[in-house]
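Undergrad: Sharing a structure, written as structure tokens. Questions coming.
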Amino acid sequence: MSKGRALVTIGSKAAKVWRGSGREPRKATSSGMEAAAGERAEPGNLAGVRHIILVLSGKGGVGKSTISTELALALRHQGKKVGILDVDLCGPSIPHMLRAQGKAVHQCDNGWVPVFVDQEQSISLMSVGFLLENPDEAVVWRGPKKHALIKQFVSDVAWGQLDYLVVDTPPGTSDEHMATMEALRPYRPLGALVVTTPQAVSIGDVRRELTFCKKTGLQVIGVIENMSGFTCPHCAECTNVFSSGSGEELARLAGVPFLGSVPLDSQLTRSLEEGRDFIQEFPKSTAYSALTSIAQRVVHRMSALCS
């Protein structure tokens, strides 16, 4: 192709970089990856993206990938065109949740073509999971290589026209977060969706995540409390397995909107395990009502950022 982009293969094959100058692909070196990490993102591939949402949390296991996946599905059912950028390089789970694992990433003149997860091409996905030769293989990379791949995901994926780009991030406030922030900062509007669970230890970590957003100038569009009670599959009664209301209280103290609570739901868990569309298949569930309501509030909040 006349305008190739970086093509990375992770595993026993060496990572390769193709710059489209007519030369053969060359093996990437640490210095080369560091240089790639310092390149500025090209605005062209994100020119058609109207809103960018970073899904964050101060700790792992709170369900960021679940919220990212279900938010994308709920937005699609509202008639939106959505992309998901999975920058959780060490734990890329979204391809499995959307039954897209094993699909190949192709190239076009503008870079990588994201994987479409439905026939209507209303949800597109880019993840390091598509670049692994073996899905059980660990990504053992130092910071510069991670930075380089995140930069390339931002600048070299041909997203086309999107209403929303949902960015699923790893836990904490690590180098990957800073690399993602730096790469996406030129593109507006950019907002953060912060996910917590009701336990005190989660609330403490998420409080630090809100501090991270404040220090980096990232606008918080709202807090979501995930795993807020357990919905019985027989009687639909919701029982508080953990404490409840902590996420709402955290949002109030931080002065940011509270977008809603999502209960533990066996139907939701099964849908994610099987790569099915929970929003379409279980419209009578409690989790469905919570997720669709949250999606509506996200749309309203992101629209407010534009005004």
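How things are named: the first chain in the structure tokens is A, the next is B, and so on; residues count from 1 in each chain; ligands count from 1 in the order shown.
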Report as a list in words all protein, DNA and RNA residues lying within 9 Å of Leu305 in chain A, evaluated on only C-alpha atoms, omitting residues in the same chain fewer than 2 positions from it.
TA: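 Near neighbours after the sequence-gap exclusion: Arg188, Pro189, Leu190, Gly191, Gln219, Ile221, His300, Arg301, Met302, Ser303 and Ser307 of chain A.
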Undergrad: At a cut-off of 7 Å, using only C-alpha atoms, what residues contact range 116-132 of chain A? Leave out same-chain residues fewer than 4 positions from it and give the result as an MDAnalysis selection string.
TA: chainID A and resid 8:11 76 81:87 89 92 95 98 100:105 137
Undergrad: Go ahead and save the residues from that selection, with N, CA and C atoms, as a PDB file, in the first residue's frame.
TA:
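Saved result, again_23.pdb, follows:
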```
ATOM      1  N   VAL A   8       1.941  -4.116  14.078  1.00  0.00           N
ATOM      2  CA  VAL A   8       2.603  -4.745  15.206  1.00  0.00           C
ATOM      3  C   VAL A   8       2.059  -6.151  15.380  1.00  0.00           C
ATOM      4  N   THR A   9       2.939  -7.130  15.471  1.00  0.00           N
ATOM      5  CA  THR A   9       2.554  -8.489  15.793  1.00  0.00           C
ATOM      6  C   THR A   9       3.242  -8.872  17.084  1.00  0.00           C
ATOM      7  N   ILE A  10       2.482  -9.284  18.070  1.00  0.00           N
ATOM      8  CA  ILE A  10       3.030  -9.589  19.378  1.00  0.00           C
ATOM      9  C   ILE A  10       3.087 -11.094  19.541  1.00  0.00           C
ATOM     10  N   GLY A  11       4.190 -11.582  20.040  1.00  0.00           N
ATOM     11  CA  GLY A  11       4.334 -13.015  20.258  1.00  0.00           C
ATOM     12  C   GLY A  11       5.718 -13.445  19.832  1.00  0.00           C
ATOM     13  N   ARG A  76     -25.432   2.000  20.803  1.00  0.00           N
ATOM     14  CA  ARG A  76     -25.807   1.504  19.472  1.00  0.00           C
ATOM     15  C   ARG A  76     -27.307   1.369  19.351  1.00  0.00           C
ATOM     16  N   LYS A  81     -23.352   5.471  16.358  1.00  0.00           N
ATOM     17  CA  LYS A  81     -22.257   4.676  15.816  1.00  0.00           C
ATOM     18  C   LYS A  81     -21.088   4.797  16.788  1.00  0.00           C
ATOM     19  N   VAL A  82     -20.563   3.655  17.237  1.00  0.00           N
ATOM     20  CA  VAL A  82     -19.643   3.637  18.376  1.00  0.00           C
ATOM     21  C   VAL A  82     -18.369   2.866  18.022  1.00  0.00           C
ATOM     22  N   GLY A  83     -17.245   3.379  18.514  1.00  0.00           N
ATOM     23  CA  GLY A  83     -15.987   2.658  18.450  1.00  0.00           C
ATOM     24  C   GLY A  83     -15.505   2.388  19.863  1.00  0.00           C
ATOM     25  N   ILE A  84     -14.795   1.281  20.052  1.00  0.00           N
ATOM     26  CA  ILE A  84     -14.187   0.956  21.348  1.00  0.00           C
ATOM     27  C   ILE A  84     -12.686   0.795  21.136  1.00  0.00           C
ATOM     28  N   LEU A  85     -11.913   1.569  21.884  1.00  0.00           N
ATOM     29  CA  LEU A  85     -10.462   1.444  21.858  1.00  0.00           C
ATOM     30  C   LEU A  85     -10.030   0.815  23.172  1.00  0.00           C
ATOM     31  N   ASP A  86      -9.518  -0.395  23.108  1.00  0.00           N
ATOM     32  CA  ASP A  86      -9.116  -1.159  24.288  1.00  0.00           C
ATOM     33  C   ASP A  86      -7.624  -0.950  24.515  1.00  0.00           C
ATOM     34  N   VAL A  87      -7.268  -0.071  25.473  1.00  0.00           N
ATOM     35  CA  VAL A  87      -5.855   0.173  25.752  1.00  0.00           C
ATOM     36  C   VAL A  87      -5.401  -0.546  27.020  1.00  0.00           C
ATOM     37  N   LEU A  89      -3.591  -3.092  27.796  1.00  0.00           N
ATOM     38  CA  LEU A  89      -2.684  -3.920  27.008  1.00  0.00           C
ATOM     39  C   LEU A  89      -2.401  -5.267  27.649  1.00  0.00           C
ATOM     40  N   PRO A  92      -6.637  -7.550  27.706  1.00  0.00           N
ATOM     41  CA  PRO A  92      -7.620  -7.184  26.682  1.00  0.00           C
ATOM     42  C   PRO A  92      -8.810  -8.149  26.653  1.00  0.00           C
ATOM     43  N   PRO A  95     -12.573  -8.030  23.249  1.00  0.00           N
ATOM     44  CA  PRO A  95     -12.852  -8.906  22.100  1.00  0.00           C
ATOM     45  C   PRO A  95     -13.662 -10.141  22.488  1.00  0.00           C
ATOM     46  N   LEU A  98     -17.385  -9.227  23.186  1.00  0.00           N
ATOM     47  CA  LEU A  98     -18.152  -8.911  21.980  1.00  0.00           C
ATOM     48  C   LEU A  98     -18.048 -10.017  20.922  1.00  0.00           C
ATOM     49  N   ALA A 100     -15.560 -11.266  19.363  1.00  0.00           N
ATOM     50  CA  ALA A 100     -14.755 -10.833  18.222  1.00  0.00           C
ATOM     51  C   ALA A 100     -13.350 -11.406  18.258  1.00  0.00           C
ATOM     52  N   GLN A 101     -13.061 -12.278  19.251  1.00  0.00           N
ATOM     53  CA  GLN A 101     -11.717 -12.817  19.357  1.00  0.00           C
ATOM     54  C   GLN A 101     -11.374 -13.655  18.125  1.00  0.00           C
ATOM     55  N   GLY A 102     -10.120 -13.578  17.734  1.00  0.00           N
ATOM     56  CA  GLY A 102      -9.660 -14.332  16.566  1.00  0.00           C
ATOM     57  C   GLY A 102      -9.808 -13.592  15.252  1.00  0.00           C
ATOM     58  N   LYS A 103     -10.471 -12.441  15.251  1.00  0.00           N
ATOM     59  CA  LYS A 103     -10.618 -11.688  14.006  1.00  0.00           C
ATOM     60  C   LYS A 103      -9.319 -10.958  13.685  1.00  0.00           C
ATOM     61  N   ALA A 104      -9.105 -10.707  12.395  1.00  0.00           N
ATOM     62  CA  ALA A 104      -7.852 -10.101  11.947  1.00  0.00           C
ATOM     63  C   ALA A 104      -8.011  -8.599  11.747  1.00  0.00           C
ATOM     64  N   VAL A 105      -6.916  -7.894  12.001  1.00  0.00           N
ATOM     65  CA  VAL A 105      -6.846  -6.458  11.731  1.00  0.00           C
ATOM     66  C   VAL A 105      -6.188  -6.264  10.372  1.00  0.00           C
ATOM     67  N   GLU A 137      -1.219 -15.508  25.593  1.00  0.00           N
ATOM     68  CA  GLU A 137       0.131 -14.977  25.686  1.00  0.00           C
ATOM     69  C   GLU A 137       0.142 -13.662  26.457  1.00  0.00           C
TER      70      GLU A 137
END
```
Undergrad: When you draw a straight line from CA of Leu46 in chain A to CA of Asp109 in chain A, how long is it in Å?
TA: 14.8 Å
Undergrad: According to DSSP computed on the backbone, where in range 57-216 of chain A is there helix (DSSP H, G or I)? Give the residues as a ChimeraX atom specification.
TA: /A:64-77,94-97,128-131,143-155,175-184,200-216
Undergrad: Please identify all polymer residues within 12 Å of Tyr187 in chain A, counting only C-alpha atoms, omitting same-chain residues fewer than 6 positions from it, and present them as a list of chain:residue names.
TA: A:Ala41, A:Glu42, A:Pro43, A:Gly44, A:Asn45, A:Leu46, A:Ala47, A:Gly48, A:Val49, A:Arg50, A:His51, A:Ile52, A:Ile53, A:Val154, A:Ser155, A:Leu165, A:Thr180, A:Met181, A:Leu218
Undergrad: Could those residues be written to a file, using N, CA, C and O atoms, as a CSV table (one decimal), in the first residue's frame?
TA:
```csv
chain,number,residue,atom,x,y,z
A,41,ALA,N,0.2,12.7,17.4
A,41,ALA,CA,-0.9,12.0,16.8
A,41,ALA,C,-1.4,12.7,15.6
A,41,ALA,O,-1.5,13.9,15.6
A,42,GLU,N,-1.7,12.0,14.5
A,42,GLU,CA,-2.2,12.6,13.3
A,42,GLU,C,-3.7,12.9,13.5
A,42,GLU,O,-4.5,12.0,13.9
A,43,PRO,N,-4.2,14.1,13.3
A,43,PRO,CA,-5.6,14.4,13.6
A,43,PRO,C,-6.6,13.7,12.6
A,43,PRO,O,-7.7,13.6,12.9
A,44,GLY,N,-6.1,13.3,11.4
A,44,GLY,CA,-7.0,12.9,10.4
A,44,GLY,C,-7.9,11.7,10.8
A,44,GLY,O,-9.1,11.7,10.5
A,45,ASN,N,-7.4,10.7,11.5
A,45,ASN,CA,-8.2,9.5,11.8
A,45,ASN,C,-9.2,9.7,12.9
A,45,ASN,O,-10.1,8.9,13.0
A,46,LEU,N,-9.1,10.8,13.6
A,46,LEU,CA,-10.1,11.1,14.7
A,46,LEU,C,-10.9,12.3,14.3
A,46,LEU,O,-11.8,12.7,15.1
A,47,ALA,N,-10.8,12.7,13.0
A,47,ALA,CA,-11.5,13.9,12.6
A,47,ALA,C,-13.0,13.6,12.6
A,47,ALA,O,-13.8,14.5,12.8
A,48,GLY,N,-13.4,12.4,12.3
A,48,GLY,CA,-14.8,12.1,12.2
A,48,GLY,C,-15.4,11.6,13.5
A,48,GLY,O,-16.6,11.1,13.6
A,49,VAL,N,-14.7,11.6,14.6
A,49,VAL,CA,-15.2,11.2,15.9
A,49,VAL,C,-15.7,12.4,16.7
A,49,VAL,O,-15.0,13.3,17.0
A,50,ARG,N,-17.0,12.3,17.1
A,50,ARG,CA,-17.6,13.5,17.7
A,50,ARG,C,-17.4,13.6,19.2
A,50,ARG,O,-17.2,14.7,19.7
A,51,HIS,N,-17.3,12.4,19.9
A,51,HIS,CA,-17.1,12.4,21.4
A,51,HIS,C,-16.2,11.3,21.7
A,51,HIS,O,-16.3,10.2,21.2
A,52,ILE,N,-15.3,11.6,22.7
A,52,ILE,CA,-14.4,10.6,23.2
A,52,ILE,C,-14.6,10.4,24.7
A,52,ILE,O,-14.6,11.4,25.4
A,53,ILE,N,-14.8,9.2,25.1
A,53,ILE,CA,-15.1,8.9,26.6
A,53,ILE,C,-14.0,7.9,27.1
A,53,ILE,O,-13.9,6.8,26.6
A,154,VAL,N,-4.1,5.5,18.7
A,154,VAL,CA,-4.9,6.8,18.6
A,154,VAL,C,-4.7,7.3,17.2
A,154,VAL,O,-5.7,7.8,16.6
A,155,SER,N,-3.5,7.3,16.6
A,155,SER,CA,-3.2,8.0,15.4
A,155,SER,C,-3.4,7.2,14.1
A,155,SER,O,-3.7,7.7,13.1
A,165,LEU,N,-16.4,7.4,20.7
A,165,LEU,CA,-15.3,6.5,20.9
A,165,LEU,C,-15.1,6.2,22.4
A,165,LEU,O,-14.8,7.2,23.1
A,180,THR,N,-2.2,7.7,27.1
A,180,THR,CA,-3.5,7.8,26.5
A,180,THR,C,-4.0,9.3,26.6
A,180,THR,O,-4.5,9.8,25.6
A,181,MET,N,-3.8,9.9,27.7
A,181,MET,CA,-4.2,11.3,27.9
A,181,MET,C,-3.5,12.2,26.9
A,181,MET,O,-4.0,13.1,26.3
A,218,LEU,N,-8.8,16.6,33.1
A,218,LEU,CA,-9.8,15.8,32.4
A,218,LEU,C,-11.1,16.0,33.0
A,218,LEU,O,-11.3,15.8,34.2
```
